[in-house]
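Peer 1: One structure, as structure tokens, below. Some questions next.
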Amino acid sequence: MAAFSFTTKILKDEPLKIFQGPEESELERDFTYIDDIVTGCLSAVDKITASTKASAVCKIYNLGNKDPVTVSYLVDCLEASLGKKAIRNYVPMPPTGDVLKTSADVTLSGEELGYVPTTPLKDGIQKFIDWYTQHFKDGLGEEMEKYVPY
């Protein structure tokens, strides 16, 4: 979600609101390219055996990247792929509703599914920008202009 909304704002010369933690610390997020998620899902379908009991045994597998990066680094990657600088507006993180760092623990997925994310953020962002500029070369449609991410 951030990549899409940030890209739109960069192209429209609108400022990006980038939250900071205590003492202007950077927030960190775990970004994962969709192809890596699809690979993990397909691996689960291929490797998980059918339940022979009346109720299936449920297991949860985390799929993610496991290597969080700062939100500023995400913006750096977007700028490099777009060839355009963002207007960055760093603001304090609200006291509730967000965390300083998120990251997926993919240990179980790796052990049981052979899941290993392979797409570096820079590469995934370039693929995203290629898609975005192909599909929205004339700007966002009216419906997309109304979209506000949560």
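We name chains A, B, ... following the order of the structure tokens; residues begin at 1 in each chain, and ligands are numbered from 1 as shown.
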What lies within 7 Å of range 106-111 of chain A using only C-alpha atoms, ignoring chain neighbours under 4 positions off, as a VMD selection string?
Peer 2: chain A and resid 61 to 64 66 115 to 116
Peer 1: Using the chain letters and numbers from this document, which residues of chain A does DSSP assign to helix (DSSP H, G or I), as a PyMOL selection string?
Peer 2: chain A and resi 2-11+22-24+34-47+71-82+107-113+121-135+142-146
Peer 1: Can you write out the residues you just picked, keeping C-alpha atoms, as an mmCIF file, in the first residue's frame?
Peer 2:
```
data_model
loop_
_atom_site.group_PDB
_atom_site.id
_atom_site.type_symbol
_atom_site.label_atom_id
_atom_site.label_comp_id
_atom_site.auth_asym_id
_atom_site.auth_seq_id
_atom_site.Cartn_x
_atom_site.Cartn_y
_atom_site.Cartn_z
ATOM 1 C CA ALA A 2 2.748 2.467 0.874
ATOM 2 C CA ALA A 3 4.530 1.945 -2.443
ATOM 3 C CA PHE A 4 1.374 2.731 -4.416
ATOM 4 C CA SER A 5 0.306 5.786 -2.420
ATOM 5 C CA PHE A 6 3.873 7.128 -2.155
ATOM 6 C CA THR A 7 4.401 6.711 -5.913
ATOM 7 C CA THR A 8 1.205 8.595 -6.654
ATOM 8 C CA LYS A 9 2.228 11.433 -4.337
ATOM 9 C CA ILE A 10 5.763 11.629 -5.752
ATOM 10 C CA LEU A 11 4.443 11.886 -9.309
ATOM 11 C CA PRO A 22 11.199 8.498 19.568
ATOM 12 C CA GLU A 23 14.191 10.796 19.068
ATOM 13 C CA GLU A 24 13.478 10.939 15.311
ATOM 14 C CA ILE A 34 4.136 -10.474 -4.557
ATOM 15 C CA ASP A 35 5.976 -13.163 -6.547
ATOM 16 C CA ASP A 36 7.663 -14.322 -3.331
ATOM 17 C CA ILE A 37 4.277 -14.582 -1.584
ATOM 18 C CA VAL A 38 2.799 -16.529 -4.507
ATOM 19 C CA THR A 39 5.768 -18.914 -4.418
ATOM 20 C CA GLY A 40 5.170 -19.479 -0.697
ATOM 21 C CA CYS A 41 1.446 -20.114 -1.204
ATOM 22 C CA LEU A 42 2.075 -22.573 -4.034
ATOM 23 C CA SER A 43 4.670 -24.346 -1.922
ATOM 24 C CA ALA A 44 2.105 -24.745 0.867
ATOM 25 C CA VAL A 45 -0.410 -26.214 -1.583
ATOM 26 C CA ASP A 46 2.207 -28.620 -2.948
ATOM 27 C CA LYS A 47 3.765 -29.731 0.346
ATOM 28 C CA VAL A 71 10.541 3.683 5.300
ATOM 29 C CA SER A 72 13.081 6.237 4.070
ATOM 30 C CA TYR A 73 14.898 3.454 2.196
ATOM 31 C CA LEU A 74 11.604 2.511 0.523
ATOM 32 C CA VAL A 75 11.286 6.139 -0.595
ATOM 33 C CA ASP A 76 14.921 6.096 -1.811
ATOM 34 C CA CYS A 77 14.087 3.074 -4.001
ATOM 35 C CA LEU A 78 10.953 4.754 -5.356
ATOM 36 C CA GLU A 79 12.919 7.913 -6.183
ATOM 37 C CA ALA A 80 15.605 5.905 -7.993
ATOM 38 C CA SER A 81 13.053 3.968 -10.057
ATOM 39 C CA LEU A 82 10.959 7.040 -10.863
ATOM 40 C CA THR A 107 11.475 -19.828 10.107
ATOM 41 C CA LEU A 108 8.653 -22.401 9.999
ATOM 42 C CA SER A 109 7.846 -21.568 6.368
ATOM 43 C CA GLY A 110 11.489 -22.068 5.481
ATOM 44 C CA GLU A 111 11.778 -25.353 7.354
ATOM 45 C CA GLU A 112 8.515 -26.943 6.195
ATOM 46 C CA LEU A 113 7.829 -25.272 2.850
ATOM 47 C CA LEU A 121 13.313 -4.415 -2.358
ATOM 48 C CA LYS A 122 15.077 -2.413 -5.092
ATOM 49 C CA ASP A 123 14.174 -5.034 -7.711
ATOM 50 C CA GLY A 124 10.598 -5.385 -6.519
ATOM 51 C CA ILE A 125 10.125 -1.613 -6.543
ATOM 52 C CA GLN A 126 11.479 -1.381 -10.094
ATOM 53 C CA LYS A 127 9.023 -4.077 -11.229
ATOM 54 C CA PHE A 128 6.226 -2.244 -9.412
ATOM 55 C CA ILE A 129 7.135 1.094 -11.043
ATOM 56 C CA ASP A 130 7.236 -0.573 -14.469
ATOM 57 C CA TRP A 131 3.714 -1.911 -13.833
ATOM 58 C CA TYR A 132 2.442 1.363 -12.349
ATOM 59 C CA THR A 133 3.683 3.538 -15.203
ATOM 60 C CA GLN A 134 2.245 1.138 -17.780
ATOM 61 C CA HIS A 135 -1.206 1.013 -16.176
ATOM 62 C CA GLU A 142 -11.453 9.007 -11.006
ATOM 63 C CA GLU A 143 -12.076 5.990 -8.764
ATOM 64 C CA MET A 144 -8.399 5.656 -7.902
ATOM 65 C CA GLU A 145 -8.170 9.374 -7.132
ATOM 66 C CA LYS A 146 -10.785 8.837 -4.406
#
```
Peer 1: If we count only C-alpha atoms and set the cut-off at 7 Å, which residues sit around Tyr90 in chain A, ignoring sequence neighbours fewer than 6 positions away in its own chain? Please answer as a list in words.
Peer 2: Lys17, Ile18, Phe19 and Gln20 of chain A
Peer 1: In Å, with one decimal, what is the gap from CA of Thr49 in chain A to CA of Thr119 in chain A?
Peer 2: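 Going from CA of Thr49 in chain A over to CA of Thr119 in chain A, I get 27.8 Å.
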Peer 1: Using DSSP on the backbone coordinates, identify the residues of chain A assigned to strand (DSSP E); present them as a ChimeraX atom specification.
Peer 2: /A:15-20,28-29,69-70,87-92
Peer 1: Measuring atom to atom with only C-alpha atoms, identify which of A:Ile48, A:Ala86, A:Ala104, A:Val91 is nearest to Gly21 in chain A.
Peer 2: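 Among the listed residues, the smallest separation from Gly21 in chain A belongs to A:Val91.
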Peer 1: Between CA of Phe31 in chain A and CA of Thr96 in chain A, what is the spacing in Å?
Peer 2: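 Computing it gives 22.0 Å between the two atoms.
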Peer 1: Measure the distance from CA of Lys85 in chain A to CA of Ser25 in chain A in Å and round it to one decimal.
Peer 2: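 Between CA of Lys85 in chain A and CA of Ser25 in chain A the gap is 21.6 Å.
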Peer 1: Using only C-alpha atoms, pick whichever of A:Asn65, A:Glu28, A:Asp105, A:Ile87 has the shortest atom-to-atom distance to Glu14 in chain A.
Peer 2: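 For Glu14 in chain A, the nearest of the given residues is A:Ile87.
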